[in-house]
Amino acid sequence: MSRLSDATLGGLSPRIRRPTYDRARLTPGIVHLGLGAFARAHLCEYTDDALERGFGPWGVVGASLQRPDQRDRLKPQDGLYTFLKRAPQGPDLRVIGAVLAVMVAPENPAALVARMAAPETRIVSLTVTEKGYCHDPATGRLKQDHPDIVHDLAVPAAPRSAVGLLVAGLRARKAAGLGPFTALCCDNLPSNGQVLAGLVRDFAALRDDGLAAWIEANGAFPATMVDRIVPATTEADIAEVEGLLGAADAAPVIGEPFRQWAIEDVFAAGRPRWEDVGAQMVSEVAPFEFMKLRMLNGAHSSLAYLGYLAGHETVAQASADPVLARFLEGLWAEIVPTVPAPQGVSLPEYARDLLIRFQNPAIRHRTWQIAMDGSQKLPQRLLGTIRARLKAGAPVDHLALGVAAWMRYVTGLDEAGAAVDIRDPLADAFARRLAGTGRDAAAVSAALLGIEAIFGADLPREGAFTGLVRRHLDRLFTGGARAAAASLA
Ligand code: CS2
């Protein structure tokens, strides 16, 4: 079987959609940090669509900040890869051509900085996940003692962190007399543009104020809301794509048909016409972001912990469990009053559509995958909503069960007594704090509520909330996740 590449593209079945623009003429205008599955199924697909509608200098150079795998898979394919959309009625395949090359930051950080500083680079976009910003999730501020930040301040020519790389790229542009690129955050953080601007400013100021002031005056950090469910690609997906494509592809991405992208229209040096292909260019991203982070991601995380504990491997299975589906309805009823509806959107309809997306039987999104990095996700997904509800004197029963399920999960044993593979930058802190607490709901909840980077200084003092978390946790320990969820109905 031949491998997908520029040379073999013409030999694919004519039924398979592929770039109609001339890839040989495509030049790099976007550097994307963190070229994982999500970016390739989202920003890169929108950009591919935009290139088809109106060709322009918007090729994507991806950068991996850690491992070389993605480059190793995509290089023999000239950056081409398949996007397999999984709808309940069947799969749909296309080849995406927007990615020109992939760089591996640790192999040659200077080359990546030079690429960001090249005159033709107009946008540096990011999907580095929540923990990739080296910030304190409760406050959104730079963690100056984060090992990568400490390193990047000591060795500024060879940055490791996304923020260190952005600042090095901006510094090189200033030195060359160029204007800045737009830094486009595409991660699920609240006020993501503003947060990234603050992190870049704080880091730049730690080195020299001139640069921070230049960035402040000239830089652009649009806020965005990104949405598409993109589970990790599996070996079975790779084999299926090969059969459908008639060529080998080591790097396909899998996703749902739905996609959404709301972007604050403040760019420093131009952008593709993403609005021609479905992106929403808006002046205010906040309503979209609240809706998505609180309703989609808040429900996703709560369902991931409860579902995992209840023995459901995927979101589709968990959300088809009648007890957990009812829990989701109750959870959304608590969230909706805290969300200002974006213009023209009905939040109850949005919730109904979310349930249908979660239940898409063709998408195998593992509860374990979503359960990862809870310490970085809980603040914007559940805790902000809880604060808003408490302030309004409104009940938080379902939201608090989501938090308690996370606590139950990070105790490290599932309901059958098997070890849970906990992936979280704070995993060591959990283990330290939980030592000796056993299945004592009061001790476990007190130990975890004391993590200020997650809960802030305020939430542990909210008796109504902490009491509920403790009672839910007790039910989770004694009766399990389904019984705890059923007790809310
Ligand atoms: C998920 C998200 O992994 C997770 O934590 O909640 O990645 C989710 O699938 C996307 O945000 C959907 O847009």
# chains A, B, ... in the order shown; residues from 1 in each chain; ligands from 1
>>> select_by_dssp(residues="segment 201-334 of chain A", states="strand (DSSP E)", output="ChimeraX atom specification")
/A:224-227,253-255,260-264,280-282
>>> closest_atom_pairs(of="chain A", to="ligand 1", cutoff="6 Å", atoms="only C-alpha atoms and all ligand atoms", output="tab-separated table")
residue	atom	partner	partner_atom_place_in_ligand_line	distance
A:Val226	CA	ligand 1	13 (O)	6.0
A:Asp227	CA	ligand 1	13 (O)	3.3
A:Arg228	CA	ligand 1	13 (O)	3.9
A:Ile229	CA	ligand 1	9 (O)	4.2
A:Val230	CA	ligand 1	9 (O)	5.9
A:Asn297	CA	ligand 1	6 (O)	4.6
A:His300	CA	ligand 1	6 (O)	5.1
A:Ile370	CA	ligand 1	3 (O)	3.9
>>> write_last_selection(atoms="C-alpha atoms", output="PDB file, in the first residue's frame")
ATOM      1  CA  VAL A 226     -13.024  26.664  19.673  1.00  0.00           C
ATOM      2  CA  ASP A 227     -15.246  23.615  19.484  1.00  0.00           C
ATOM      3  CA  ARG A 228     -15.074  20.193  17.910  1.00  0.00           C
ATOM      4  CA  ILE A 229     -14.990  16.812  19.616  1.00  0.00           C
ATOM      5  CA  VAL A 230     -11.752  15.137  18.523  1.00  0.00           C
ATOM      6  CA  ASN A 297     -16.679  21.258  28.865  1.00  0.00           C
ATOM      7  CA  HIS A 300     -17.858  16.714  29.624  1.00  0.00           C
ATOM      8  CA  ILE A 370     -11.242  13.839  29.237  1.00  0.00           C
TER       9      ILE A 370
END
>>> residues_around(residues="segment 346-349 of chain A", least_positions_apart="3", cutoff="10 Å", atoms="only C-alpha atoms", output="VMD selection string")
chain A and resid 291 295 329 332 to 333 335 to 337 339 to 343 352 to 355
>>> write_last_selection(atoms="C-alpha atoms", output="mmCIF file, in the first residue's frame")
data_model
loop_
_atom_site.group_PDB
_atom_site.id
_atom_site.type_symbol
_atom_site.label_atom_id
_atom_site.label_comp_id
_atom_site.auth_asym_id
_atom_site.auth_seq_id
_atom_site.Cartn_x
_atom_site.Cartn_y
_atom_site.Cartn_z
ATOM 1 C CA MET A 291 -21.549 28.865 26.884
ATOM 2 C CA MET A 295 -22.042 23.878 29.193
ATOM 3 C CA GLU A 329 -30.088 17.597 32.265
ATOM 4 C CA TRP A 332 -27.340 22.078 32.485
ATOM 5 C CA ALA A 333 -30.343 23.455 34.351
ATOM 6 C CA ILE A 335 -25.431 26.124 34.419
ATOM 7 C CA VAL A 336 -27.816 27.889 32.016
ATOM 8 C CA PRO A 337 -28.777 30.790 34.337
ATOM 9 C CA VAL A 339 -24.507 31.986 30.929
ATOM 10 C CA PRO A 340 -25.385 35.085 28.873
ATOM 11 C CA ALA A 341 -26.780 33.629 25.630
ATOM 12 C CA PRO A 342 -24.853 34.647 22.506
ATOM 13 C CA GLN A 343 -27.099 36.506 20.070
ATOM 14 C CA ARG A 352 -30.178 19.400 23.682
ATOM 15 C CA ASP A 353 -27.692 19.437 20.811
ATOM 16 C CA LEU A 354 -24.825 18.761 23.212
ATOM 17 C CA LEU A 355 -26.521 15.618 24.448
#
>>> closest_residue(among="A:Val396, A:Ala316, A:Arg408, A:Pro287", to="Val345 of chain A", atoms="only C-alpha atoms")
A:Pro287
>>> closest_residue(among="A:Val95, A:Ala269, A:Val444, A:Val420", to="Glu45 of chain A", atoms="only C-alpha atoms")
A:Val95
>>> closest_residue(among="A:Arg23, A:Ala486, A:Leu199, A:Gln77", to="Asp321 of chain A", atoms="only C-alpha atoms")
A:Ala486
>>> residues_around(residues="Ala325 of chain A", least_positions_apart="5", cutoff="10 Å", atoms="only C-alpha atoms", output="ChimeraX atom specification")
/A:303,318-320,330-331,355,358-359,485
>>> write_last_selection(atoms="N, CA, C and O atoms", output="PDB file, in the first residue's frame")
ATOM      1  N   LEU A 303     -19.174  14.353  33.423  1.00  0.00           N
ATOM      2  CA  LEU A 303     -19.573  13.045  32.883  1.00  0.00           C
ATOM      3  C   LEU A 303     -18.370  12.105  32.793  1.00  0.00           C
ATOM      4  O   LEU A 303     -18.502  10.889  32.987  1.00  0.00           O
ATOM      5  N   ALA A 318     -21.441   6.621  28.404  1.00  0.00           N
ATOM      6  CA  ALA A 318     -21.833   7.286  29.656  1.00  0.00           C
ATOM      7  C   ALA A 318     -23.089   8.124  29.449  1.00  0.00           C
ATOM      8  O   ALA A 318     -24.002   8.107  30.287  1.00  0.00           O
ATOM      9  N   SER A 319     -23.155   8.862  28.332  1.00  0.00           N
ATOM     10  CA  SER A 319     -24.297   9.770  28.157  1.00  0.00           C
ATOM     11  C   SER A 319     -25.543   9.022  27.698  1.00  0.00           C
ATOM     12  O   SER A 319     -26.634   9.597  27.697  1.00  0.00           O
ATOM     13  N   ALA A 320     -25.380   7.763  27.301  1.00  0.00           N
ATOM     14  CA  ALA A 320     -26.565   6.963  26.971  1.00  0.00           C
ATOM     15  C   ALA A 320     -27.095   6.235  28.209  1.00  0.00           C
ATOM     16  O   ALA A 320     -28.166   5.634  28.166  1.00  0.00           O
ATOM     17  N   GLY A 330     -29.949  17.900  34.660  1.00  0.00           N
ATOM     18  CA  GLY A 330     -29.965  18.679  35.901  1.00  0.00           C
ATOM     19  C   GLY A 330     -28.770  19.619  35.978  1.00  0.00           C
ATOM     20  O   GLY A 330     -28.871  20.755  36.458  1.00  0.00           O
ATOM     21  N   LEU A 331     -27.631  19.139  35.508  1.00  0.00           N
ATOM     22  CA  LEU A 331     -26.419  19.967  35.515  1.00  0.00           C
ATOM     23  C   LEU A 331     -26.620  21.189  34.609  1.00  0.00           C
ATOM     24  O   LEU A 331     -26.347  22.326  35.000  1.00  0.00           O
ATOM     25  N   LEU A 355     -26.253  17.007  24.070  1.00  0.00           N
ATOM     26  CA  LEU A 355     -26.521  15.618  24.448  1.00  0.00           C
ATOM     27  C   LEU A 355     -26.447  14.722  23.212  1.00  0.00           C
ATOM     28  O   LEU A 355     -25.865  13.635  23.248  1.00  0.00           O
ATOM     29  N   PHE A 358     -22.796  14.283  22.380  1.00  0.00           N
ATOM     30  CA  PHE A 358     -22.149  13.356  23.321  1.00  0.00           C
ATOM     31  C   PHE A 358     -22.537  11.904  23.002  1.00  0.00           C
ATOM     32  O   PHE A 358     -21.751  10.981  23.162  1.00  0.00           O
ATOM     33  N   GLN A 359     -23.809  11.740  22.588  1.00  0.00           N
ATOM     34  CA  GLN A 359     -24.307  10.367  22.380  1.00  0.00           C
ATOM     35  C   GLN A 359     -23.936   9.811  21.003  1.00  0.00           C
ATOM     36  O   GLN A 359     -24.243   8.659  20.722  1.00  0.00           O
ATOM     37  N   ALA A 485     -25.504   9.819  41.437  1.00  0.00           N
ATOM     38  CA  ALA A 485     -26.213  10.631  40.440  1.00  0.00           C
ATOM     39  C   ALA A 485     -27.723  10.423  40.573  1.00  0.00           C
ATOM     40  O   ALA A 485     -28.492  11.377  40.493  1.00  0.00           O
TER      41      ALA A 485
END
>>> residues_around(residues="Val61 of chain A", least_positions_apart="4", cutoff="9 Å", atoms="only C-alpha atoms", output="PyMOL selection string")
chain A and resi 28-33+35+98-103+115
>>> write_last_selection(atoms="all heavy atoms", output="compact mmCIF listing (two decimals), in the first residue's frame")
# COMPACT_ATOMS: atom_id res chain seq x y z
N PRO A 28 4.13 29.80 3.95
CA PRO A 28 3.74 29.73 5.36
C PRO A 28 3.40 31.11 5.95
O PRO A 28 4.23 32.00 5.96
CB PRO A 28 4.98 29.17 6.04
CG PRO A 28 6.13 29.55 5.15
CD PRO A 28 5.59 29.67 3.76
N GLY A 29 2.17 31.26 6.43
CA GLY A 29 1.77 32.51 7.08
C GLY A 29 1.42 32.29 8.54
O GLY A 29 1.31 33.24 9.32
N ILE A 30 1.21 31.01 8.91
CA ILE A 30 0.79 30.68 10.27
C ILE A 30 1.80 29.69 10.85
O ILE A 30 2.16 28.71 10.18
CB ILE A 30 -0.61 30.02 10.27
CG1 ILE A 30 -1.65 30.95 9.64
CG2 ILE A 30 -1.02 29.60 11.68
CD1 ILE A 30 -3.03 30.33 9.47
N VAL A 31 2.27 29.97 12.06
CA VAL A 31 3.03 28.96 12.80
C VAL A 31 2.09 28.47 13.90
O VAL A 31 1.52 29.28 14.63
CB VAL A 31 4.31 29.55 13.42
CG1 VAL A 31 4.99 28.54 14.35
CG2 VAL A 31 5.28 29.98 12.32
N HIS A 32 1.90 27.16 13.98
CA HIS A 32 1.00 26.65 15.01
C HIS A 32 1.75 25.85 16.06
O HIS A 32 2.34 24.81 15.74
CB HIS A 32 -0.12 25.78 14.40
CG HIS A 32 -1.13 25.40 15.44
ND1 HIS A 32 -2.17 26.23 15.80
CD2 HIS A 32 -1.18 24.33 16.27
CE1 HIS A 32 -2.84 25.67 16.79
NE2 HIS A 32 -2.25 24.52 17.11
N LEU A 33 1.72 26.32 17.29
CA LEU A 33 2.39 25.62 18.39
C LEU A 33 1.45 24.57 18.96
O LEU A 33 0.33 24.89 19.38
CB LEU A 33 2.79 26.60 19.49
CG LEU A 33 3.65 27.81 19.08
CD1 LEU A 33 4.03 28.65 20.31
CD2 LEU A 33 4.91 27.37 18.35
N LEU A 35 0.83 21.09 17.42
CA LEU A 35 0.06 20.57 16.28
C LEU A 35 -0.47 19.16 16.57
O LEU A 35 -0.05 18.19 15.96
CB LEU A 35 0.91 20.58 15.00
CG LEU A 35 0.10 20.39 13.72
CD1 LEU A 35 -0.63 21.68 13.35
CD2 LEU A 35 0.96 19.92 12.56
N ALA A 98 -3.35 21.97 4.34
CA ALA A 98 -2.88 23.28 4.83
C ALA A 98 -1.53 23.22 5.54
O ALA A 98 -0.85 24.24 5.67
CB ALA A 98 -3.92 23.88 5.78
N VAL A 99 -1.13 22.02 6.01
CA VAL A 99 0.11 21.93 6.79
C VAL A 99 1.30 21.72 5.84
O VAL A 99 1.34 20.77 5.06
CB VAL A 99 0.04 20.77 7.81
CG1 VAL A 99 1.37 20.62 8.54
CG2 VAL A 99 -1.09 21.02 8.81
N LEU A 100 2.25 22.63 5.91
CA LEU A 100 3.41 22.57 5.01
C LEU A 100 4.55 21.77 5.62
O LEU A 100 5.30 21.10 4.91
CB LEU A 100 3.92 23.98 4.72
CG LEU A 100 3.00 24.83 3.85
CD1 LEU A 100 3.47 26.27 3.83
CD2 LEU A 100 2.97 24.26 2.43
N ALA A 101 4.74 21.90 6.92
CA ALA A 101 5.88 21.25 7.57
C ALA A 101 5.63 21.23 9.06
O ALA A 101 4.77 21.95 9.57
CB ALA A 101 7.16 22.03 7.28
N VAL A 102 6.38 20.39 9.75
CA VAL A 102 6.30 20.34 11.22
C VAL A 102 7.71 20.47 11.77
O VAL A 102 8.63 19.77 11.32
CB VAL A 102 5.67 19.02 11.72
CG1 VAL A 102 5.50 19.05 13.23
CG2 VAL A 102 4.33 18.75 11.05
N MET A 103 7.87 21.37 12.73
CA MET A 103 9.17 21.53 13.39
C MET A 103 9.08 20.92 14.79
O MET A 103 7.99 20.83 15.36
CB MET A 103 9.53 23.01 13.49
CG MET A 103 9.49 23.70 12.14
SD MET A 103 9.84 25.47 12.23
CE MET A 103 11.62 25.44 12.33
N ARG A 115 11.58 30.98 12.54
CA ARG A 115 10.37 30.84 11.71
C ARG A 115 9.28 31.80 12.20
O ARG A 115 8.59 32.45 11.42
CB ARG A 115 9.94 29.35 11.77
CG ARG A 115 8.65 28.96 11.28
CD ARG A 115 8.27 28.98 9.79
NE ARG A 115 9.23 29.14 8.73
CZ ARG A 115 9.17 30.13 7.81
NH1 ARG A 115 8.19 31.01 7.82
NH2 ARG A 115 10.06 30.21 6.85
>>> residues_around(residues="Arg25 of chain A", least_positions_apart="5", cutoff="10 Å", atoms="only C-alpha atoms", output="mmCIF file with N, CA and C atoms, in the first residue's frame")
data_model
loop_
_atom_site.group_PDB
_atom_site.id
_atom_site.type_symbol
_atom_site.label_atom_id
_atom_site.label_comp_id
_atom_site.auth_asym_id
_atom_site.auth_seq_id
_atom_site.Cartn_x
_atom_site.Cartn_y
_atom_site.Cartn_z
ATOM 1 N N PHE A 55 -7.427 31.594 -2.450
ATOM 2 C CA PHE A 55 -6.051 31.205 -2.134
ATOM 3 C C PHE A 55 -5.290 32.403 -1.551
ATOM 4 N N GLY A 56 -4.390 32.119 -0.601
ATOM 5 C CA GLY A 56 -3.590 33.191 -0.005
ATOM 6 C C GLY A 56 -2.400 32.610 0.715
ATOM 7 N N PRO A 57 -1.568 33.482 1.298
ATOM 8 C CA PRO A 57 -0.300 33.033 1.894
ATOM 9 C C PRO A 57 -0.493 32.476 3.297
ATOM 10 N N GLY A 59 -0.359 29.057 4.499
ATOM 11 C CA GLY A 59 0.056 27.705 4.870
ATOM 12 C C GLY A 59 0.439 27.663 6.338
#
>>> residues_around(residues="segment 180-187 of chain A", least_positions_apart="5", cutoff="8 Å", atoms="only C-alpha atoms", output="short mmCIF file (atom, residue, chain, number, x, y, z; two decimals) with all heavy atoms, in the first residue's frame")
data_model
loop_
_atom_site.label_atom_id
_atom_site.label_comp_id
_atom_site.auth_asym_id
_atom_site.auth_seq_id
_atom_site.Cartn_x
_atom_site.Cartn_y
_atom_site.Cartn_z
N MET A 116 9.16 31.93 13.53
CA MET A 116 8.15 32.86 14.06
C MET A 116 8.52 34.30 13.72
O MET A 116 7.65 35.17 13.59
CB MET A 116 8.03 32.69 15.59
CG MET A 116 7.40 31.36 15.98
SD MET A 116 6.90 31.33 17.72
CE MET A 116 8.48 31.24 18.49
N THR A 121 5.54 35.30 8.48
CA THR A 121 4.70 34.77 9.56
C THR A 121 3.82 35.89 10.12
O THR A 121 4.32 36.89 10.61
CB THR A 121 5.57 34.16 10.69
OG1 THR A 121 6.34 33.09 10.14
CG2 THR A 121 4.71 33.64 11.82
N ARG A 122 2.52 35.70 10.02
CA ARG A 122 1.61 36.77 10.48
C ARG A 122 0.82 36.35 11.72
O ARG A 122 0.27 37.18 12.41
CB ARG A 122 0.59 37.12 9.40
CG ARG A 122 1.10 36.99 8.02
CD ARG A 122 1.51 38.29 7.41
NE ARG A 122 1.39 38.13 5.97
CZ ARG A 122 0.40 38.63 5.25
NH1 ARG A 122 -0.56 39.32 5.83
NH2 ARG A 122 0.37 38.45 3.97
N ILE A 123 0.72 35.04 11.89
CA ILE A 123 -0.07 34.54 13.03
C ILE A 123 0.72 33.40 13.67
O ILE A 123 1.27 32.56 12.96
CB ILE A 123 -1.43 33.98 12.54
CG1 ILE A 123 -2.30 35.10 11.96
CG2 ILE A 123 -2.17 33.25 13.67
CD1 ILE A 123 -3.59 34.61 11.30
N VAL A 124 0.80 33.41 15.00
CA VAL A 124 1.27 32.22 15.72
C VAL A 124 0.09 31.75 16.56
O VAL A 124 -0.35 32.45 17.48
CB VAL A 124 2.50 32.50 16.60
CG1 VAL A 124 2.88 31.24 17.39
CG2 VAL A 124 3.69 32.95 15.73
N SER A 125 -0.46 30.61 16.20
CA SER A 125 -1.63 30.09 16.91
C SER A 125 -1.19 28.97 17.85
O SER A 125 -0.11 28.41 17.69
CB SER A 125 -2.67 29.60 15.90
OG SER A 125 -2.06 28.77 14.93
N LEU A 126 -2.03 28.71 18.84
CA LEU A 126 -1.63 27.73 19.86
C LEU A 126 -2.77 26.80 20.25
O LEU A 126 -3.89 27.25 20.50
CB LEU A 126 -1.20 28.42 21.16
CG LEU A 126 -0.06 29.41 21.17
CD1 LEU A 126 -0.60 30.81 20.93
CD2 LEU A 126 0.68 29.38 22.49
N THR A 127 -2.45 25.50 20.33
CA THR A 127 -3.27 24.54 21.09
C THR A 127 -2.27 23.70 21.87
O THR A 127 -1.77 22.69 21.38
CB THR A 127 -4.13 23.62 20.19
OG1 THR A 127 -3.33 23.13 19.11
CG2 THR A 127 -5.34 24.33 19.63
N VAL A 128 -1.95 24.16 23.04
CA VAL A 128 -0.92 23.47 23.85
C VAL A 128 -1.54 22.87 25.12
O VAL A 128 -0.81 22.45 26.01
CB VAL A 128 0.25 24.43 24.19
CG1 VAL A 128 1.00 24.82 22.92
CG2 VAL A 128 -0.22 25.68 24.93
N THR A 129 -2.84 22.83 25.19
CA THR A 129 -3.67 22.38 26.32
C THR A 129 -3.51 23.32 27.51
O THR A 129 -2.58 24.13 27.56
CB THR A 129 -3.41 20.91 26.78
OG1 THR A 129 -2.25 20.85 27.60
CG2 THR A 129 -3.30 19.96 25.60
N GLU A 130 -4.41 23.16 28.44
CA GLU A 130 -4.46 24.09 29.59
C GLU A 130 -3.11 24.18 30.29
O GLU A 130 -2.63 25.26 30.63
CB GLU A 130 -5.53 23.63 30.58
CG GLU A 130 -6.98 23.68 30.05
CD GLU A 130 -7.42 22.41 29.32
OE1 GLU A 130 -6.56 21.59 28.94
OE2 GLU A 130 -8.65 22.26 29.11
N LEU A 166 6.93 32.36 22.33
CA LEU A 166 6.25 33.54 21.79
C LEU A 166 7.07 34.79 22.05
O LEU A 166 7.27 35.64 21.16
CB LEU A 166 4.86 33.72 22.43
CG LEU A 166 3.77 32.73 22.03
CD1 LEU A 166 2.51 32.97 22.86
CD2 LEU A 166 3.44 32.87 20.54
N LEU A 170 8.72 37.31 19.35
CA LEU A 170 8.36 38.73 19.31
C LEU A 170 9.62 39.60 19.48
O LEU A 170 9.78 40.62 18.80
CB LEU A 170 7.33 39.05 20.39
CG LEU A 170 5.93 38.46 20.12
CD1 LEU A 170 5.04 38.50 21.36
CD2 LEU A 170 5.24 39.22 18.96
N ARG A 173 11.47 39.76 16.28
CA ARG A 173 10.80 40.63 15.29
C ARG A 173 11.05 42.09 15.60
O ARG A 173 11.31 42.89 14.70
CB ARG A 173 9.28 40.36 15.28
CG ARG A 173 8.91 38.98 14.79
CD ARG A 173 7.40 38.80 14.75
NE ARG A 173 6.82 39.42 13.55
CZ ARG A 173 6.64 38.77 12.41
NH1 ARG A 173 6.97 37.50 12.29
NH2 ARG A 173 6.11 39.40 11.36
N LYS A 174 10.98 42.43 16.87
CA LYS A 174 11.24 43.82 17.25
C LYS A 174 12.67 44.20 16.85
O LYS A 174 12.90 45.27 16.26
CB LYS A 174 11.04 43.98 18.76
CG LYS A 174 11.35 45.38 19.29
CD LYS A 174 10.89 45.52 20.75
CE LYS A 174 11.15 46.91 21.30
NZ LYS A 174 12.48 47.09 21.87
N ASN A 192 -9.25 33.58 26.87
CA ASN A 192 -7.95 33.02 26.50
C ASN A 192 -7.00 34.04 25.87
O ASN A 192 -5.80 33.98 26.10
CB ASN A 192 -8.10 31.74 25.67
CG ASN A 192 -8.89 31.92 24.38
OD1 ASN A 192 -9.28 33.04 24.03
ND2 ASN A 192 -9.12 30.83 23.68
N GLY A 193 -7.54 35.00 25.10
CA GLY A 193 -6.68 36.01 24.50
C GLY A 193 -6.04 36.89 25.57
O GLY A 193 -4.83 37.12 25.60
N LEU A 196 -3.49 34.99 27.67
CA LEU A 196 -2.21 34.81 26.97
C LEU A 196 -1.45 36.14 26.90
O LEU A 196 -0.23 36.19 27.13
CB LEU A 196 -2.44 34.25 25.55
CG LEU A 196 -1.16 33.99 24.76
CD1 LEU A 196 -0.25 32.99 25.47
CD2 LEU A 196 -1.49 33.48 23.35
N ILE A 215 5.16 45.15 23.02
CA ILE A 215 4.09 44.16 22.81
C ILE A 215 2.75 44.76 23.20
O ILE A 215 1.75 44.63 22.49
CB ILE A 215 4.37 42.86 23.62
CG1 ILE A 215 5.65 42.18 23.12
CG2 ILE A 215 3.19 41.90 23.53
CD1 ILE A 215 6.13 41.02 23.97
N ASN A 218 1.72 47.13 20.38
CA ASN A 218 1.57 46.65 19.01
C ASN A 218 0.96 45.25 18.88
O ASN A 218 0.52 44.88 17.79
CB ASN A 218 2.94 46.62 18.32
CG ASN A 218 3.60 47.98 18.32
OD1 ASN A 218 3.17 48.89 17.62
ND2 ASN A 218 4.62 48.16 19.15
N GLY A 219 1.00 44.49 19.96
CA GLY A 219 0.63 43.07 19.86
C GLY A 219 -0.86 42.86 19.69
O GLY A 219 -1.66 43.78 19.89
N ALA A 220 -1.23 41.67 19.30
CA ALA A 220 -2.65 41.33 19.17
C ALA A 220 -2.85 39.91 19.71
O ALA A 220 -2.12 38.98 19.35
CB ALA A 220 -3.09 41.41 17.72
N PHE A 221 -3.84 39.78 20.57
CA PHE A 221 -4.12 38.50 21.24
C PHE A 221 -5.63 38.27 21.20
O PHE A 221 -6.31 38.41 22.23
CB PHE A 221 -3.63 38.55 22.69
CG PHE A 221 -2.14 38.75 22.83
CD1 PHE A 221 -1.59 40.04 22.81
CD2 PHE A 221 -1.28 37.66 22.98
CE1 PHE A 221 -0.21 40.23 22.93
CE2 PHE A 221 0.09 37.85 23.10
CZ PHE A 221 0.63 39.14 23.08
N PRO A 222 -6.18 37.93 20.04
CA PRO A 222 -7.63 37.77 19.98
C PRO A 222 -8.11 36.64 20.89
O PRO A 222 -7.42 35.62 21.03
CB PRO A 222 -7.89 37.38 18.52
CG PRO A 222 -6.61 37.60 17.79
CD PRO A 222 -5.51 37.62 18.79
N ALA A 223 -9.27 36.82 21.46
CA ALA A 223 -9.92 35.73 22.21
C ALA A 223 -10.62 34.83 21.20
O ALA A 223 -11.09 35.30 20.16
CB ALA A 223 -10.92 36.29 23.20
N THR A 224 -10.69 33.56 21.51
CA THR A 224 -11.40 32.63 20.62
C THR A 224 -12.21 31.64 21.45
O THR A 224 -11.91 31.39 22.61
CB THR A 224 -10.43 31.77 19.78
OG1 THR A 224 -9.72 30.88 20.64
CG2 THR A 224 -9.44 32.61 19.00
N MET A 225 -13.23 31.10 20.82
CA MET A 225 -13.91 29.93 21.37
C MET A 225 -13.81 28.86 20.30
O MET A 225 -14.21 29.09 19.16
CB MET A 225 -15.36 30.25 21.69
CG MET A 225 -16.14 29.08 22.26
SD MET A 225 -16.77 27.99 20.99
CE MET A 225 -18.47 28.47 20.99
N VAL A 226 -13.21 27.74 20.66
CA VAL A 226 -13.02 26.66 19.67
C VAL A 226 -13.87 25.46 20.09
O VAL A 226 -14.02 25.19 21.27
CB VAL A 226 -11.55 26.20 19.60
CG1 VAL A 226 -10.66 27.31 19.07
CG2 VAL A 226 -11.03 25.71 20.94
N PHE A 267 -6.60 41.51 14.69
CA PHE A 267 -5.38 40.88 14.21
C PHE A 267 -4.35 41.96 13.86
O PHE A 267 -4.70 43.03 13.40
CB PHE A 267 -5.68 40.01 12.99
CG PHE A 267 -6.34 38.70 13.36
CD1 PHE A 267 -7.66 38.67 13.78
CD2 PHE A 267 -5.62 37.51 13.32
CE1 PHE A 267 -8.26 37.48 14.16
CE2 PHE A 267 -6.22 36.31 13.69
CZ PHE A 267 -7.54 36.29 14.11
N ALA A 268 -3.07 41.64 14.11
CA ALA A 268 -2.02 42.64 13.91
C ALA A 268 -1.54 42.69 12.47
O ALA A 268 -1.03 43.72 12.01
CB ALA A 268 -0.84 42.33 14.83
N ALA A 269 -1.68 41.59 11.73
CA ALA A 269 -1.04 41.55 10.40
C ALA A 269 -1.83 40.68 9.43
O ALA A 269 -1.27 39.90 8.68
CB ALA A 269 0.39 41.03 10.54
#
>>> closest_residue(among="A:Ile454, A:Val282, A:Val315, A:Leu309", to="Asp414 of chain A", atoms="only C-alpha atoms")
A:Leu309
>>> select_by_dssp(residues="segment 21-113 of chain A", states="alpha helix (DSSP H)", output="list in words")
Ala37, Phe38, Ala39, Arg40, Ala41, Leu43, Cys44, Glu45, Tyr46, Thr47, Asp48, Asp49, Ala50, Leu51, Glu52, Arg53, Asp69, Gln70, Arg71, Asp72, Arg73, Leu74, Pro109, Ala110, Ala111, Leu112 and Val113 of chain A
>>> closest_residue(among="A:Gly198, A:Pro91, A:Gly298, A:Gly479", to="Thr139 of chain A", atoms="only C-alpha atoms")
A:Gly198
>>> atom_distance(atom1="atom CA of Lys85 of chain A", atom2="atom CA of Ile16 of chain A")
12.7 Å
>>> atom_distance(atom1="atom CA of Ser301 of chain A", atom2="atom CA of Ala197 of chain A")
26.7 Å
>>> closest_residue(among="A:Leu153, A:Ala404, A:Leu4, A:Leu74", to="Val104 of chain A", atoms="only C-alpha atoms")
A:Leu74
